[in-house]
$ cat query_24.pdb   # PDB, C-alpha atoms
ATOM      1  CA  MET A 691      36.597  36.402 -53.265  1.00  0.00           C
ATOM      2  CA  TYR A 692      34.522  39.356 -52.156  1.00  0.00           C
ATOM      3  CA  GLY A 693      35.780  42.042 -49.813  1.00  0.00           C
ATOM      4  CA  ASP A 694      34.016  40.713 -46.740  1.00  0.00           C
ATOM      5  CA  GLU A 695      35.457  37.244 -47.407  1.00  0.00           C
ATOM      6  CA  LEU A 696      38.981  38.626 -47.775  1.00  0.00           C
ATOM      7  CA  ILE A 697      38.642  40.603 -44.559  1.00  0.00           C
ATOM      8  CA  LYS A 698      37.400  37.546 -42.658  1.00  0.00           C
ATOM      9  CA  ALA A 699      40.196  35.359 -44.074  1.00  0.00           C
ATOM     10  CA  PHE A 700      42.761  37.996 -43.134  1.00  0.00           C
ATOM     11  CA  ALA A 701      41.360  38.219 -39.613  1.00  0.00           C
ATOM     12  CA  LYS A 702      41.276  34.443 -39.219  1.00  0.00           C
ATOM     13  CA  ASN A 703      44.982  34.209 -40.131  1.00  0.00           C
ATOM     14  CA  LEU A 704      45.732  36.673 -37.317  1.00  0.00           C
ATOM     15  CA  GLY A 705      43.417  34.982 -34.835  1.00  0.00           C
ATOM     16  CA  LEU A 706      40.989  37.914 -34.905  1.00  0.00           C
ATOM     17  CA  GLU A 707      37.269  38.108 -35.444  1.00  0.00           C
ATOM     18  CA  LEU A 708      36.290  41.003 -37.657  1.00  0.00           C
ATOM     19  CA  GLU A 709      32.668  41.680 -38.509  1.00  0.00           C
ATOM     20  CA  LEU A 710      31.583  44.409 -40.888  1.00  0.00           C
ATOM     21  CA  ASP A 711      29.117  46.910 -39.461  1.00  0.00           C
ATOM     22  CA  ASP A 712      26.115  48.339 -41.320  1.00  0.00           C
ATOM     23  CA  SER A 713      28.372  50.696 -43.272  1.00  0.00           C
ATOM     24  CA  GLY A 714      30.579  47.785 -44.407  1.00  0.00           C
ATOM     25  CA  SER A 715      33.452  48.767 -42.101  1.00  0.00           C
ATOM     26  CA  CYS A 716      35.460  47.166 -39.317  1.00  0.00           C
ATOM     27  CA  THR A 717      38.590  48.108 -37.409  1.00  0.00           C
ATOM     28  CA  PHE A 718      41.539  46.376 -35.796  1.00  0.00           C
ATOM     29  CA  SER A 719      44.727  47.488 -34.112  1.00  0.00           C
ATOM     30  CA  SER A 720      48.143  46.838 -35.563  1.00  0.00           C
ATOM     31  CA  ASP A 721      51.211  48.142 -33.782  1.00  0.00           C
ATOM     32  CA  ASN A 722      50.292  51.711 -32.805  1.00  0.00           C
ATOM     33  CA  PHE A 723      47.518  52.135 -35.358  1.00  0.00           C
ATOM     34  CA  THR A 724      43.888  51.445 -35.762  1.00  0.00           C
ATOM     35  CA  ILE A 725      43.244  50.268 -39.298  1.00  0.00           C
ATOM     36  CA  THR A 726      39.767  50.562 -40.769  1.00  0.00           C
ATOM     37  CA  PHE A 727      38.644  48.329 -43.614  1.00  0.00           C
ATOM     38  CA  THR A 728      35.609  49.411 -45.603  1.00  0.00           C
ATOM     39  CA  ASP A 729      34.168  47.024 -48.174  1.00  0.00           C
ATOM     40  CA  LEU A 730      33.305  49.039 -51.291  1.00  0.00           C
ATOM     41  CA  ARG A 731      31.494  46.191 -52.984  1.00  0.00           C
ATOM     42  CA  GLY A 732      30.201  48.350 -55.841  1.00  0.00           C
ATOM     43  CA  LEU A 733      33.810  49.195 -56.714  1.00  0.00           C
ATOM     44  CA  GLU A 734      35.100  45.664 -55.991  1.00  0.00           C
ATOM     45  CA  SER A 735      37.539  47.270 -53.554  1.00  0.00           C
ATOM     46  CA  ILE A 736      38.413  47.593 -49.901  1.00  0.00           C
ATOM     47  CA  ALA A 737      39.376  50.986 -48.501  1.00  0.00           C
ATOM     48  CA  LEU A 738      42.152  50.880 -45.898  1.00  0.00           C
ATOM     49  CA  THR A 739      42.446  53.931 -43.653  1.00  0.00           C
ATOM     50  CA  ALA A 740      44.511  54.769 -40.591  1.00  0.00           C
ATOM     51  CA  ASP A 741      45.076  57.749 -38.331  1.00  0.00           C
ATOM     52  CA  ILE A 742      48.843  58.260 -38.194  1.00  0.00           C
ATOM     53  CA  GLY A 743      49.105  61.183 -35.846  1.00  0.00           C
ATOM     54  CA  LEU A 744      48.356  64.752 -34.896  1.00  0.00           C
ATOM     55  CA  PRO A 745      50.832  67.288 -36.244  1.00  0.00           C
ATOM     56  CA  PRO A 746      51.780  70.296 -34.134  1.00  0.00           C
ATOM     57  CA  PRO A 747      49.534  73.349 -34.409  1.00  0.00           C
ATOM     58  CA  GLU A 748      52.282  75.571 -35.810  1.00  0.00           C
ATOM     59  CA  LYS A 749      54.495  75.624 -38.912  1.00  0.00           C
ATOM     60  CA  LEU A 750      52.290  73.145 -40.762  1.00  0.00           C
ATOM     61  CA  GLU A 751      52.914  74.585 -44.227  1.00  0.00           C
ATOM     62  CA  ASN A 752      56.237  72.772 -44.497  1.00  0.00           C
ATOM     63  CA  LEU A 753      54.821  69.440 -43.362  1.00  0.00           C
ATOM     64  CA  TYR A 754      51.821  69.739 -45.692  1.00  0.00           C
ATOM     65  CA  LYS A 755      54.088  70.599 -48.636  1.00  0.00           C
ATOM     66  CA  PHE A 756      56.234  67.594 -47.788  1.00  0.00           C
ATOM     67  CA  MET A 757      53.152  65.358 -47.694  1.00  0.00           C
ATOM     68  CA  LEU A 758      51.849  66.684 -51.017  1.00  0.00           C
ATOM     69  CA  GLU A 759      55.212  66.022 -52.646  1.00  0.00           C
ATOM     70  CA  ALA A 760      55.142  62.479 -51.258  1.00  0.00           C
ATOM     71  CA  ASN A 761      51.634  61.973 -52.688  1.00  0.00           C
ATOM     72  CA  TYR A 762      52.736  62.969 -56.193  1.00  0.00           C
ATOM     73  CA  LEU A 763      52.659  59.781 -58.268  1.00  0.00           C
ATOM     74  CA  PHE A 764      52.515  57.992 -54.901  1.00  0.00           C
ATOM     75  CA  ASN A 765      56.220  58.836 -54.715  1.00  0.00           C
ATOM     76  CA  ALA A 766      56.692  57.891 -51.078  1.00  0.00           C
ATOM     77  CA  THR A 767      53.389  56.425 -49.977  1.00  0.00           C
ATOM     78  CA  SER A 768      53.467  52.908 -51.446  1.00  0.00           C
ATOM     79  CA  GLY A 769      50.339  53.632 -53.458  1.00  0.00           C
ATOM     80  CA  ALA A 770      48.437  55.212 -50.578  1.00  0.00           C
ATOM     81  CA  THR A 771      47.374  58.834 -50.122  1.00  0.00           C
ATOM     82  CA  LEU A 772      48.113  61.144 -47.211  1.00  0.00           C
ATOM     83  CA  ALA A 773      45.268  63.351 -46.085  1.00  0.00           C
ATOM     84  CA  ILE A 774      44.138  65.565 -43.243  1.00  0.00           C
ATOM     85  CA  ASN A 775      41.014  64.636 -41.299  1.00  0.00           C
ATOM     86  CA  ALA A 776      39.065  67.915 -41.342  1.00  0.00           C
ATOM     87  CA  GLY A 777      37.283  67.068 -38.097  1.00  0.00           C
ATOM     88  CA  SER A 778      40.299  66.209 -35.966  1.00  0.00           C
ATOM     89  CA  GLY A 779      43.275  67.694 -37.817  1.00  0.00           C
ATOM     90  CA  HIS A 780      45.007  64.303 -37.682  1.00  0.00           C
ATOM     91  CA  VAL A 781      47.047  63.003 -40.601  1.00  0.00           C
ATOM     92  CA  ALA A 782      45.460  59.967 -42.219  1.00  0.00           C
ATOM     93  CA  LEU A 783      46.722  57.432 -44.706  1.00  0.00           C
ATOM     94  CA  CYS A 784      44.226  55.980 -47.174  1.00  0.00           C
ATOM     95  CA  SER A 785      44.547  53.228 -49.758  1.00  0.00           C
ATOM     96  CA  ILE A 786      42.268  51.268 -52.060  1.00  0.00           C
ATOM     97  CA  PHE A 787      42.736  47.547 -52.635  1.00  0.00           C
ATOM     98  CA  THR A 788      40.920  46.241 -55.711  1.00  0.00           C
ATOM     99  CA  TYR A 789      40.053  42.643 -54.992  1.00  0.00           C
ATOM    100  CA  ARG A 790      38.877  41.316 -58.344  1.00  0.00           C
ATOM    101  CA  GLY A 791      40.844  38.080 -58.786  1.00  0.00           C
ATOM    102  CA  ALA A 792      42.756  38.534 -55.519  1.00  0.00           C
ATOM    103  CA  ASP A 793      43.121  35.960 -52.778  1.00  0.00           C
ATOM    104  CA  ALA A 794      43.723  36.198 -49.033  1.00  0.00           C
ATOM    105  CA  ASP A 795      47.518  36.082 -49.414  1.00  0.00           C
ATOM    106  CA  VAL A 796      47.569  39.004 -51.837  1.00  0.00           C
ATOM    107  CA  PHE A 797      45.307  40.993 -49.517  1.00  0.00           C
ATOM    108  CA  ALA A 798      47.530  40.193 -46.515  1.00  0.00           C
ATOM    109  CA  LEU A 799      50.568  41.516 -48.419  1.00  0.00           C
ATOM    110  CA  ALA A 800      48.686  44.704 -49.293  1.00  0.00           C
ATOM    111  CA  VAL A 801      47.720  45.196 -45.635  1.00  0.00           C
ATOM    112  CA  GLU A 802      51.323  44.582 -44.542  1.00  0.00           C
ATOM    113  CA  ARG A 803      52.584  47.187 -47.028  1.00  0.00           C
ATOM    114  CA  PHE A 804      49.931  49.617 -45.787  1.00  0.00           C
ATOM    115  CA  VAL A 805      50.916  49.071 -42.130  1.00  0.00           C
ATOM    116  CA  ASN A 806      54.601  49.563 -43.007  1.00  0.00           C
ATOM    117  CA  THR A 807      53.741  52.827 -44.733  1.00  0.00           C
ATOM    118  CA  CYS A 808      51.721  53.904 -41.687  1.00  0.00           C
ATOM    119  CA  GLU A 809      54.711  53.191 -39.468  1.00  0.00           C
ATOM    120  CA  SER A 810      57.027  55.239 -41.672  1.00  0.00           C
ATOM    121  CA  TRP A 811      54.720  58.225 -41.913  1.00  0.00           C
ATOM    122  CA  SER A 812      53.822  58.192 -38.238  1.00  0.00           C
ATOM    123  CA  LYS A 813      57.555  58.504 -37.486  1.00  0.00           C
ATOM    124  CA  ILE A 814      57.816  61.437 -39.863  1.00  0.00           C
ATOM    125  CA  VAL A 815      54.822  63.192 -38.285  1.00  0.00           C
ATOM    126  CA  ALA A 816      56.074  62.427 -34.762  1.00  0.00           C
ATOM    127  CA  GLN A 817      59.600  63.618 -35.515  1.00  0.00           C
ATOM    128  CA  TYR A 818      58.229  66.748 -37.123  1.00  0.00           C
ATOM    129  CA  ARG A 819      56.113  67.307 -34.029  1.00  0.00           C
ATOM    130  CA  TYR A 820      59.105  66.725 -31.778  1.00  0.00           C
ATOM    131  CA  ARG A 821      61.384  69.011 -33.796  1.00  0.00           C
ATOM    132  CA  VAL A 822      58.899  71.766 -34.657  1.00  0.00           C
ATOM    133  CA  GLU A 823      60.630  74.266 -32.376  1.00  0.00           C
ATOM    134  CA  THR A 824      63.926  73.832 -34.207  1.00  0.00           C
ATOM    135  CA  LEU A 825      62.692  73.454 -37.786  1.00  0.00           C
ATOM    136  CA  GLN A 826      63.463  76.487 -39.878  1.00  0.00           C
ATOM    137  CA  ASP A 827      62.718  75.021 -43.289  1.00  0.00           C
ATOM    138  CA  GLU A 828      61.120  71.875 -44.624  1.00  0.00           C
ATOM    139  CA  PRO A 829      61.449  68.387 -43.167  1.00  0.00           C
ATOM    140  CA  GLU A 830      64.540  66.711 -44.552  1.00  0.00           C
ATOM    141  CA  MET A 831      63.927  64.722 -47.730  1.00  0.00           C
ATOM    142  CA  ASN A 832      66.549  62.193 -46.630  1.00  0.00           C
ATOM    143  CA  LEU A 833      64.279  61.294 -43.682  1.00  0.00           C
ATOM    144  CA  LEU A 834      61.613  60.280 -46.175  1.00  0.00           C
ATOM    145  CA  GLN A 835      64.095  58.406 -48.348  1.00  0.00           C
ATOM    146  CA  GLN A 836      65.470  56.507 -45.357  1.00  0.00           C
ATOM    147  CA  GLU A 837      62.008  55.287 -44.471  1.00  0.00           C
ATOM    148  CA  PHE A 838      61.090  54.062 -47.943  1.00  0.00           C
ATOM    149  CA  LEU A 839      64.297  52.915 -49.575  1.00  0.00           C
ATOM    150  CA  LEU A 840      64.452  49.777 -47.464  1.00  0.00           C
ATOM    151  CA  ARG A 841      60.804  48.812 -47.757  1.00  0.00           C
ATOM    152  CA  VAL A 842      59.260  46.997 -50.692  1.00  0.00           C
TER     153      VAL A 842
END
$ encode --input "query_24.pdb" --output "structure tokens"
Amino acid sequence: MYGDELIKAFAKNLGLELELDDSGSCTFSSDNFTITFTDLRGLESIALTADIGLPPPEKLENLYKFMLEANYLFNATSGATLAINAGSGHVALCSIFTYRGADADVFALAVERFVNTCESWSKIVAQYRYRVETLQDEPEMNLLQQEFLLRV
């Protein structure tokens, strides 16, 4: 299946209608996120992206260090990458799904894993935002471990 076919099959299973725009992208809401799919046909892949929150304007070094450590070997991102949107300052999660030989069920599992990772990281960003006044050091690593140890 091609990317656009996988996206349409995924949408149909959820009772949604998703149509790719001229750039090969479409969006839908899941929980508290807007997920964007972009068909990268030349790479036989679909990019999944989501905005997971706006960090506080102060003490960002610790949060950014924490995010970089989580990105290392995709340690705590389930294969996705954390990034900062230069235009808005929001934290984003990005992932690539290579669809060669994949079917709609495999894609649905990849999207579910991506959404679960978004949920976990949005909690981390939100809790960091909430606790920024009291944070003296880095976010607690056990917070990250709690979020990802139970998810597969």
$ resolve_selection --input "query_24.pdb" --expression "the PyMOL selection byres ((chain A and resi 701-710) around 12)" --output "number ranges by chain"
A: 693-700, 711-720, 725-730, 736, 794-795, 797-798, 801
$ closest_residue --input "query_24.pdb" --among "A:Gly791, A:Phe723, A:Ile774, A:Gly732" --to "Ser810 (chain A)" --atoms "only C-alpha atoms"
A:Phe723
$ closest_residue --input "query_24.pdb" --among "A:Thr771, A:Ser785, A:Asn752, A:Asn722" --to "Thr739 (chain A)" --atoms "all atoms listed in the file"
A:Ser785
$ atom_distance --input "query_24.pdb" --atom1 "CA of Glu759 (chain A)" --atom2 "CA of Ile814 (chain A)"
13.8 Å
$ atom_distance --input "query_24.pdb" --atom1 "CA of Ala816 (chain A)" --atom2 "CA of Gly769 (chain A)"
21.4 Å
$ closest_residue --input "query_24.pdb" --among "A:Leu758, A:Leu799, A:Ala740, A:Ala766" --to "Cys784 (chain A)" --atoms "only C-alpha atoms"
A:Ala740
$ atom_distance --input "query_24.pdb" --atom1 "CA of Ala773 (chain A)" --atom2 "CA of Asp793 (chain A)"
28.3 Å
$ closest_residue --input "query_24.pdb" --among "A:Cys808, A:Ile786, A:Leu753, A:Val815" --to "Ser735 (chain A)" --atoms "all atoms listed in the file"
A:Ile786
$ axis_aligned_box --input "query_24.pdb" --around "region 758-772 of chain A" --padding-each-side "5 Å" --output "JSON"
{"center_x": 52.0, "center_y": 59.8, "center_z": -52.7, "size_x": 19.3, "size_y": 23.8, "size_z": 21.1}
$ resolve_selection --input "query_24.pdb" --expression "the PyMOL selection byres ((chain A and resi 776-780) around 12)" --output "ChimeraX atom specification"
/A:740-747,750,754,772-775,781-783,812,815-816
$ closest_residue --input "query_24.pdb" --among "A:Tyr818, A:Ala792, A:Met757, A:Leu733" --to "Ala770 (chain A)" --atoms "all atoms listed in the file"
A:Met757
$ closest_residue --input "query_24.pdb" --among "A:Glu751, A:Leu738, A:Thr788, A:Ser768" --to "Arg803 (chain A)" --atoms "all atoms listed in the file"
A:Ser768
